[in-house]
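Text of start_12.txt, listed as compact mmCIF, C-alpha atoms and all ligand atoms:
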# COMPACT_ATOMS: atom_id res chain seq x y z
CA MET X 1 0.00 0.00 0.00
CA ALA X 2 1.25 3.47 -0.83
CA LYS X 3 2.47 5.43 2.15
CA PRO X 4 0.59 8.65 2.98
CA LYS X 5 2.21 11.72 1.50
CA VAL X 6 3.41 14.28 4.03
CA PHE X 7 4.94 17.71 3.57
CA ALA X 8 7.24 18.93 6.33
CA THR X 9 7.97 22.64 6.13
CA HIS X 10 11.37 22.04 7.72
CA GLY X 11 14.07 19.36 7.42
CA LEU X 12 13.37 18.55 11.12
CA PHE X 13 15.93 16.61 13.15
CA GLU X 14 17.09 13.11 12.27
CA PRO X 15 15.14 11.29 15.04
CA ALA X 16 11.92 12.95 13.86
CA ARG X 17 12.67 12.12 10.25
CA GLN X 18 13.13 8.48 11.19
CA ILE X 19 9.76 8.36 12.93
CA LEU X 20 7.99 9.98 9.99
CA GLU X 21 9.69 8.03 7.25
CA GLU X 22 8.83 4.66 8.73
CA SER X 23 5.26 5.04 7.61
CA CYS X 24 5.04 8.15 5.44
CA ASP X 25 6.34 9.35 2.13
CA VAL X 26 7.83 12.64 3.27
CA GLU X 27 8.79 15.70 1.28
CA TYR X 28 10.84 18.23 3.26
CA TRP X 29 11.31 21.94 2.79
CA ALA X 30 15.09 22.01 2.79
CA GLN X 31 15.85 25.73 2.47
CA ALA X 32 16.88 27.87 5.41
CA GLU X 33 14.22 30.54 4.81
CA ARG X 34 10.64 29.70 5.61
CA PRO X 35 8.66 28.57 2.56
CA PRO X 36 6.96 31.43 0.71
CA ARG X 37 3.18 31.16 0.86
CA PRO X 38 2.60 30.16 -2.80
CA GLU X 39 5.27 27.46 -2.47
CA LEU X 40 3.66 26.14 0.69
CA MET X 41 0.24 26.03 -0.98
CA GLN X 42 1.72 24.24 -3.96
CA ARG X 43 3.58 21.64 -1.88
CA VAL X 44 0.64 20.83 0.36
CA LYS X 45 -2.00 20.55 -2.31
CA ASP X 46 -1.71 16.77 -2.86
CA LYS X 47 -0.59 15.87 0.68
CA GLU X 48 -2.40 13.95 3.38
CA GLY X 49 -0.21 15.23 6.17
CA LEU X 50 1.48 18.52 7.02
CA VAL X 51 4.18 19.07 9.62
CA CYS X 52 4.53 22.81 10.08
CA LEU X 53 6.17 25.46 12.21
CA LEU X 54 4.48 28.40 13.89
CA THR X 55 5.55 30.58 10.98
CA GLU X 56 3.09 28.81 8.67
CA LYS X 57 -0.53 29.89 8.75
CA VAL X 58 -2.82 26.91 8.41
CA SER X 59 -5.79 28.88 7.21
CA GLU X 60 -9.11 28.14 5.56
CA GLU X 61 -7.47 29.12 2.25
CA LEU X 62 -4.64 26.62 2.71
CA LEU X 63 -7.04 23.87 3.72
CA ARG X 64 -9.27 24.56 0.73
CA GLY X 65 -6.30 24.06 -1.54
CA ALA X 66 -5.35 20.76 0.11
CA PRO X 67 -8.44 18.57 -0.12
CA ASN X 68 -6.63 15.35 0.87
CA LEU X 69 -5.13 16.79 4.05
CA ARG X 70 -5.97 14.80 7.19
CA ILE X 71 -3.55 16.24 9.72
CA ALA X 72 -1.72 19.49 10.39
CA ALA X 73 0.94 18.81 13.03
CA ASN X 74 2.41 21.97 14.51
CA VAL X 75 5.95 21.80 15.89
CA ALA X 76 5.08 24.19 18.72
CA VAL X 77 2.84 24.21 21.74
CA GLY X 78 1.25 27.52 20.74
CA PHE X 79 -1.11 27.04 17.83
CA ASP X 80 -2.38 30.52 17.03
CA ASN X 81 -1.02 29.94 13.49
CA ILE X 82 -3.60 27.20 13.00
CA ASP X 83 -7.24 27.95 12.33
CA VAL X 84 -8.46 25.04 14.41
CA ALA X 85 -12.13 25.73 13.65
CA ALA X 86 -11.42 25.62 9.91
CA CYS X 87 -9.49 22.36 10.39
CA THR X 88 -12.43 20.89 12.29
CA LYS X 89 -14.87 22.00 9.61
CA ARG X 90 -12.79 20.24 6.98
CA GLY X 91 -12.14 17.12 9.07
CA VAL X 92 -8.44 17.87 9.46
CA VAL X 93 -6.85 16.86 12.76
CA ALA X 94 -4.72 19.62 14.29
CA THR X 95 -2.00 18.78 16.81
CA ASN X 96 0.63 20.61 18.88
CA THR X 97 3.56 19.72 21.15
CA PRO X 98 2.62 20.39 24.78
CA GLY X 99 4.73 19.45 27.79
CA VAL X 100 8.15 18.90 26.25
CA LEU X 101 9.24 22.53 26.24
CA ASP X 102 8.05 23.74 29.63
CA GLU X 103 11.33 23.57 31.53
CA THR X 104 13.40 24.91 28.64
CA THR X 105 11.02 27.83 28.17
CA ALA X 106 11.03 28.61 31.88
CA ASP X 107 14.85 28.50 31.82
CA PHE X 108 14.79 31.11 29.09
CA ALA X 109 12.27 33.37 30.79
CA TRP X 110 14.64 33.22 33.73
CA THR X 111 17.55 34.03 31.43
CA LEU X 112 15.76 37.17 30.23
CA MET X 113 14.85 38.15 33.76
CA MET X 114 18.42 37.84 34.98
CA ALA X 115 19.83 39.50 31.88
CA VAL X 116 17.63 42.59 32.07
CA ALA X 117 17.86 42.95 35.85
CA ARG X 118 21.65 42.61 35.86
CA ARG X 119 22.16 44.58 32.64
CA LEU X 120 23.89 41.72 30.86
CA GLY X 121 23.18 43.08 27.37
CA GLU X 122 24.90 46.35 28.16
CA GLY X 123 27.72 44.59 30.02
CA GLU X 124 28.34 42.19 27.18
CA ALA X 125 28.46 45.02 24.67
CA LEU X 126 30.95 46.89 26.86
CA ALA X 127 33.14 43.82 27.37
CA ARG X 128 33.27 43.23 23.62
CA SER X 129 33.77 46.88 22.72
CA GLY X 130 37.45 47.12 23.55
CA ILE X 131 36.85 50.37 25.49
CA TRP X 132 36.18 48.91 28.92
CA GLN X 133 38.36 50.74 31.45
CA GLY X 134 38.08 48.17 34.25
CA TRP X 135 36.04 47.66 37.40
CA ASN X 136 34.23 50.60 38.90
CA LEU X 137 31.97 50.77 41.92
CA ASP X 138 28.88 52.08 40.18
CA GLN X 139 29.43 50.52 36.77
CA LEU X 140 26.31 49.05 35.21
CA VAL X 141 24.68 48.48 38.56
CA GLY X 142 21.45 46.61 38.09
CA THR X 143 18.86 45.29 40.46
CA ASP X 144 18.72 42.08 42.48
CA VAL X 145 16.52 39.23 41.38
CA TRP X 146 16.87 37.16 44.53
CA GLY X 147 14.43 37.97 47.29
CA LYS X 148 12.10 39.92 45.01
CA ALA X 149 8.44 39.29 44.11
CA LEU X 150 7.84 37.31 40.94
CA GLY X 151 4.39 37.75 39.41
CA ILE X 152 3.40 34.98 37.04
CA VAL X 153 0.58 35.69 34.61
CA GLY X 154 -0.76 32.37 33.38
CA PHE X 155 -0.18 29.48 35.78
CA GLY X 156 -0.11 26.54 33.39
CA ARG X 157 2.79 24.17 32.94
CA ILE X 158 5.35 26.84 31.99
CA GLY X 159 4.17 29.34 34.61
CA ARG X 160 4.51 26.64 37.24
CA ALA X 161 7.99 25.68 36.00
CA MET X 162 8.86 29.34 36.44
CA ALA X 163 7.52 29.29 40.01
CA ARG X 164 9.55 26.19 40.84
CA ARG X 165 12.77 28.00 39.92
CA ALA X 166 11.96 30.93 42.18
CA SER X 167 12.50 29.12 45.47
CA GLY X 168 16.27 28.92 44.92
CA PHE X 169 16.23 32.69 44.59
CA GLN X 170 14.20 33.13 47.78
CA MET X 171 11.55 34.97 45.82
CA LYS X 172 7.97 35.54 46.76
CA VAL X 173 5.79 33.98 44.06
CA ILE X 174 2.39 35.36 43.19
CA TYR X 175 0.32 34.33 40.20
CA THR X 176 -2.85 35.06 38.36
CA ASP X 177 -4.84 32.88 36.02
CA ALA X 178 -8.41 32.56 34.80
CA VAL X 179 -8.63 29.41 36.92
CA ARG X 180 -7.10 29.25 40.38
CA ALA X 181 -4.63 26.37 40.85
CA PRO X 182 -5.48 23.56 43.29
CA GLU X 183 -4.45 24.27 46.87
CA ALA X 184 -1.89 21.46 46.76
CA VAL X 185 -0.13 23.11 43.79
CA GLU X 186 -0.13 26.52 45.49
CA LYS X 187 1.33 24.91 48.58
CA GLU X 188 3.98 22.93 46.74
CA LEU X 189 5.12 25.94 44.72
CA LYS X 190 4.60 28.41 47.58
CA ALA X 191 2.57 30.51 45.16
CA GLU X 192 -0.18 32.90 46.18
CA PHE X 193 -3.11 33.74 43.92
CA ARG X 194 -3.80 37.41 43.17
CA GLU X 195 -6.23 39.21 40.92
CA MET X 196 -4.38 40.71 37.97
CA ASN X 197 -4.28 44.29 39.25
CA ALA X 198 -3.00 43.27 42.66
CA LEU X 199 -0.34 41.11 41.05
CA LEU X 200 0.82 43.99 38.87
CA ALA X 201 1.04 46.31 41.85
CA ASP X 202 3.01 43.83 43.98
CA SER X 203 5.47 42.30 41.49
CA ASP X 204 9.08 43.25 40.86
CA PHE X 205 9.09 40.98 37.80
CA VAL X 206 5.97 40.17 35.78
CA SER X 207 6.47 37.09 33.64
CA VAL X 208 3.83 36.31 31.03
CA HIS X 209 2.86 32.70 30.24
CA VAL X 210 -0.59 32.83 28.66
CA PRO X 211 -1.57 31.43 25.26
CA LEU X 212 -2.65 33.84 22.55
CA LEU X 213 -6.44 33.83 22.57
CA PRO X 214 -8.97 36.53 21.67
CA GLU X 215 -9.16 37.39 25.38
CA THR X 216 -5.36 37.64 25.84
CA ARG X 217 -4.61 39.63 22.66
CA GLY X 218 -3.44 43.06 23.81
CA LEU X 219 -3.83 41.99 27.46
CA PHE X 220 -0.82 44.10 28.41
CA ASP X 221 -1.82 47.60 27.44
CA ALA X 222 -1.15 51.01 28.98
CA SER X 223 -3.68 50.41 31.76
CA LYS X 224 -1.75 47.32 32.90
CA PHE X 225 1.68 48.90 32.63
CA TYR X 226 0.58 51.88 34.70
CA ARG X 227 -0.35 49.51 37.52
CA MET X 228 3.17 48.07 37.65
CA LYS X 229 5.84 49.45 39.97
CA PRO X 230 8.17 51.92 38.24
CA THR X 231 10.99 49.60 39.34
CA ALA X 232 9.39 46.48 37.84
CA PHE X 233 10.31 44.54 34.71
CA LEU X 234 8.10 42.78 32.17
CA ILE X 235 9.23 39.41 30.81
CA ASN X 236 7.43 37.90 27.84
CA THR X 237 8.14 34.46 26.41
CA SER X 238 4.51 33.68 25.50
CA ARG X 239 3.23 35.36 22.34
CA GLY X 240 4.01 38.85 21.12
CA PRO X 241 0.44 40.06 20.51
CA VAL X 242 -0.34 39.54 24.21
CA VAL X 243 1.57 42.79 24.70
CA ASN X 244 0.65 46.03 22.99
CA GLU X 245 4.14 47.00 21.81
CA ALA X 246 3.37 50.68 21.16
CA ALA X 247 2.05 50.98 24.73
CA LEU X 248 5.11 49.19 26.07
CA VAL X 249 7.44 51.52 24.19
CA ALA X 250 5.53 54.52 25.54
CA VAL X 251 5.83 53.41 29.19
CA LEU X 252 9.50 52.54 28.74
CA GLU X 253 10.15 55.96 27.23
CA ALA X 254 8.27 57.62 30.08
CA GLY X 255 10.20 55.57 32.67
CA LYS X 256 6.96 54.13 34.05
CA ILE X 257 8.49 50.65 34.29
CA ALA X 258 12.15 49.70 34.68
CA GLY X 259 12.62 47.52 31.62
CA ALA X 260 11.65 44.39 29.75
CA GLY X 261 13.00 41.05 28.60
CA LEU X 262 11.30 39.96 25.40
CA ASP X 263 11.46 36.84 23.28
CA VAL X 264 8.30 37.37 21.23
CA TYR X 265 6.87 40.28 19.25
CA GLU X 266 3.59 41.53 17.91
CA ASN X 267 4.55 41.20 14.24
CA GLU X 268 7.48 38.80 14.08
CA PRO X 269 10.08 39.09 12.72
CA PHE X 270 9.52 42.86 12.90
CA ILE X 271 10.58 44.36 16.20
CA HIS X 272 9.30 47.80 17.14
CA PRO X 273 12.36 50.09 16.87
CA GLY X 274 11.37 51.74 20.15
CA LEU X 275 12.22 48.49 21.92
CA ARG X 276 15.87 48.74 21.00
CA ARG X 277 16.77 50.38 24.28
CA ALA X 278 19.41 49.68 26.89
CA ASN X 279 16.82 48.58 29.46
CA VAL X 280 15.23 46.01 27.13
CA VAL X 281 16.79 42.63 26.43
CA LEU X 282 15.64 41.28 23.07
CA ALA X 283 15.81 37.68 21.88
CA PRO X 284 14.55 36.29 18.57
CA HIS X 285 11.89 33.80 19.80
CA LEU X 286 14.38 31.37 21.31
CA ALA X 287 12.71 30.20 24.52
CA SER X 288 12.37 26.54 23.51
CA ALA X 289 15.57 26.53 21.47
CA SER X 290 17.71 23.85 23.06
CA LEU X 291 18.67 20.98 20.81
CA GLU X 292 17.15 18.48 23.23
CA THR X 293 13.82 20.27 23.38
CA ARG X 294 13.51 21.18 19.72
CA THR X 295 14.27 17.54 18.84
CA LYS X 296 11.57 16.37 21.23
CA MET X 297 9.10 18.83 19.71
CA ALA X 298 9.83 17.60 16.18
CA CYS X 299 9.54 13.96 17.28
CA MET X 300 6.25 14.69 18.98
CA ALA X 301 4.82 16.25 15.82
CA ALA X 302 6.05 13.25 13.82
CA GLN X 303 4.43 10.86 16.31
CA ASN X 304 1.13 12.68 15.96
CA VAL X 305 1.23 12.21 12.18
CA VAL X 306 2.29 8.57 12.34
CA ALA X 307 -0.37 7.76 14.94
CA LEU X 308 -3.14 9.13 12.76
CA PHE X 309 -2.05 7.22 9.68
CA SER X 310 -1.74 3.99 11.64
CA GLY X 311 -5.32 4.29 12.82
CA GLN X 312 -4.51 5.48 16.34
CA ARG X 313 -5.50 8.63 18.11
CA PRO X 314 -2.67 11.17 17.86
CA PRO X 315 -1.56 11.98 21.40
CA ASN X 316 -1.90 15.77 21.11
CA VAL X 317 -5.12 16.45 19.26
CA LEU X 318 -6.49 19.99 19.46
CA ASN X 319 -9.84 19.17 17.84
CA PRO X 320 -10.95 15.74 19.10
CA GLU X 321 -14.38 16.31 17.48
CA VAL X 322 -12.80 15.39 14.15
CA LEU X 323 -11.88 11.93 15.42
CA GLN X 324 -15.25 11.36 17.03
CA GLU X 325 -16.97 11.98 13.72
CA SER X 326 -14.85 9.53 11.73
C1 LIG X 401 5.84 27.35 21.01
O1 LIG X 401 6.09 26.13 21.05
O2 LIG X 401 4.70 27.78 20.96
C2 LIG X 401 7.00 28.30 21.06
O3 LIG X 401 6.67 29.59 20.87
C3 LIG X 401 8.13 27.84 20.18
O4 LIG X 401 8.69 26.87 20.94
Would you write out, as structure tokens, the structure that this file holds?
Amino acid sequence: MAKPKVFATHGLFEPARQILEESCDVEYWAQAERPPRPELMQRVKDKEGLVCLLTEKVSEELLRGAPNLRIAANVAVGFDNIDVAACTKRGVVATNTPGVLDETTADFAWTLMMAVARRLGEGEALARSGIWQGWNLDQLVGTDVWGKALGIVGFGRIGRAMARRASGFQMKVIYTDAVRAPEAVEKELKAEFREMNALLADSDFVSVHVPLLPETRGLFDASKFYRMKPTAFLINTSRGPVVNEAALVAVLEAGKIAGAGLDVYENEPFIHPGLRRANVVLAPHLASASLETRTKMACMAAQNVVALFSGQRPPNVLNPEVLQES
């Protein structure tokens, strides 16, 4: 029997390729740049499976042009690039990669927090510049992270991984979420629930870990920033559009908050020029980018595809209704 045809919009990593190739006839996008839209549409049009990155929009238009498609497997936990409702309407299973990147992402949020608080970006630039004159008492003095209040917005797996790291820094952990965590979790992580406004007022670092949903788009606007302490920092490793960048630039310029550590942006890869400031640490969407984790993510996406084509339920289905119907 012919193997199902799959298009992968990336060469993936060898372990993921092995999983896919065992039962699928896979065509890979081998170029370093992301596939241009017309090329993507062309490649997917006769395929039964798609393995894609968050840079590819799986839209109604794409689905319409790919009538044989049965699965769109995202190599990311966030799936705002996938129109899940359109997938469901067309009987296409959509999957993501939850769980495998939590610790790595929390590590990176921590990296940003430390870097911006301790002015690592500026220090690194000075050390590389060749003009450093040596140690000085007040040189690039930053602010302590240890012992401060960490406010976590979104207390899912990544938010909780963030909280776990805070105990070694003797931090006070407060969190907010649409749903309050079970008491046992709060106790284990020594995390106190707060309403959003109270959290903003009490935190020295506000770290964002919510998915991009209609209700979280633009969640961080001027009204939120003005509730933060002028000494506080914003850390965002979730999705760029959760933060209104123009509003963030305005409060940074006005000195209403102390700084920010950002990994994600409203219109990636564009970064608002007003964010290129000394008190902002910028990273190009790297939070899950360890070889171990990215390999696990790719393997997970491959496993979702292989499961579907071998008649099993893919482990990470976003629209289970599709499977119930078939
Ligand atoms: C995700 O998985 O959603 C990240 O943004 C990339 O790791």
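Identified as lying at most 7 Å from ligand LIG 401 (chain X) when counting only C-alpha atoms and all ligand atoms are the residues Val75, Ala76, Val77, Gly78, Phe79, Thr97, Leu101, Ser238, Arg239, His285, Ala287, Ser288 and Ala289 of chain X.
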For range 242-258 of chain X, work out the shell of residues within 8 Å, counting all atoms listed in the file and skipping chain neighbours fewer than 2 positions away, then give it as JSON, numbers by chain. {"X": [212, 216, 217, 218, 219, 220, 221, 222, 225, 226, 228, 229, 230, 231, 232, 233, 238, 239, 240, 260, 265, 266, 272, 274, 275, 279]}
Could you jot down the CA of Ala181 in chain X to CA of Ser223 in chain X separation for me, Å, one decimal place?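 About the pair CA of Ala181 in chain X and CA of Ser223 in chain X: they are 25.7 Å apart.
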For CA of Gly261 in chain X and CA of Asn236 in chain X, the interatomic separation in Å (one decimal):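 Going from CA of Gly261 in chain X over to CA of Asn236 in chain X covers 6.4 Å.
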In terms of the shortest atom-to-atom distance over only C-alpha atoms, which of X:Lys224, X:Arg118, X:Lys57, X:Arg277 is closest to Asp80 in chain X?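 Among the listed residues, the smallest separation from Asp80 in chain X belongs to X:Lys57.
Put simply, CA of Glu48 in chain X is 28.2 Å away from CA of Glu292 in chain X.
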Applying 7 Å and all atoms listed in the file, which residues near Glu56 in chain X remain after dropping the ones on its own chain fewer than 3 positions away? List them as a PDB file with C-alpha atoms, in the frame of the given file.
ATOM      1  CA  CYS X  52       4.530  22.810  10.080  1.00  0.00           C
ATOM      2  CA  LEU X  53       6.170  25.460  12.210  1.00  0.00           C
ATOM      3  CA  ASN X  81      -1.020  29.940  13.490  1.00  0.00           C
TER       4      ASN X  81
END
Between X:Met114, X:Met162, X:Val206, X:Val185, which is the closest to Asp102 in chain X once you count only C-alpha atoms?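 When distances to Asp102 in chain X are compared using only C-alpha atoms, the smallest one comes from X:Met162.
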Near Pro284 in chain X, within 10 Å and counting all atoms listed in the file, which residues show up once chain neighbours fewer than 5 positions away are dropped, as a PyMOL selection string? chain X and resi 262-265+268-269+271
Residue neighbourhood Ala278 in chain X, 12 Å, all atoms listed in the file, exclusion window fewer than 5 positions, as a ChimeraX atom specification: /X:115-126,140,142,252-253,258-261
May I ask which of the residues X:Gly151, X:Gly65, X:Gly49, X:Pro35 is the closest one to Leu20 in chain X, counting only C-alpha atoms?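 Once distances to Leu20 in chain X are computed over only C-alpha atoms, the minimum belongs to X:Gly49.
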So that I can check the surroundings of Thr295 in chain X, please list as a compact mmCIF listing (two decimals) with C-alpha atoms, in the frame of the given file every protein, DNA and RNA residue that reaches within 9 Å of it, counting all atoms listed in the file and ignoring chain neighbours fewer than 2 positions away.
# COMPACT_ATOMS: atom_id res chain seq x y z
CA LEU X 12 13.37 18.55 11.12
CA PHE X 13 15.93 16.61 13.15
CA GLU X 14 17.09 13.11 12.27
CA PRO X 15 15.14 11.29 15.04
CA ALA X 16 11.92 12.95 13.86
CA SER X 290 17.71 23.85 23.06
CA LEU X 291 18.67 20.98 20.81
CA GLU X 292 17.15 18.48 23.23
CA THR X 293 13.82 20.27 23.38
CA MET X 297 9.10 18.83 19.71
CA ALA X 298 9.83 17.60 16.18
CA CYS X 299 9.54 13.96 17.28
CA MET X 300 6.25 14.69 18.98
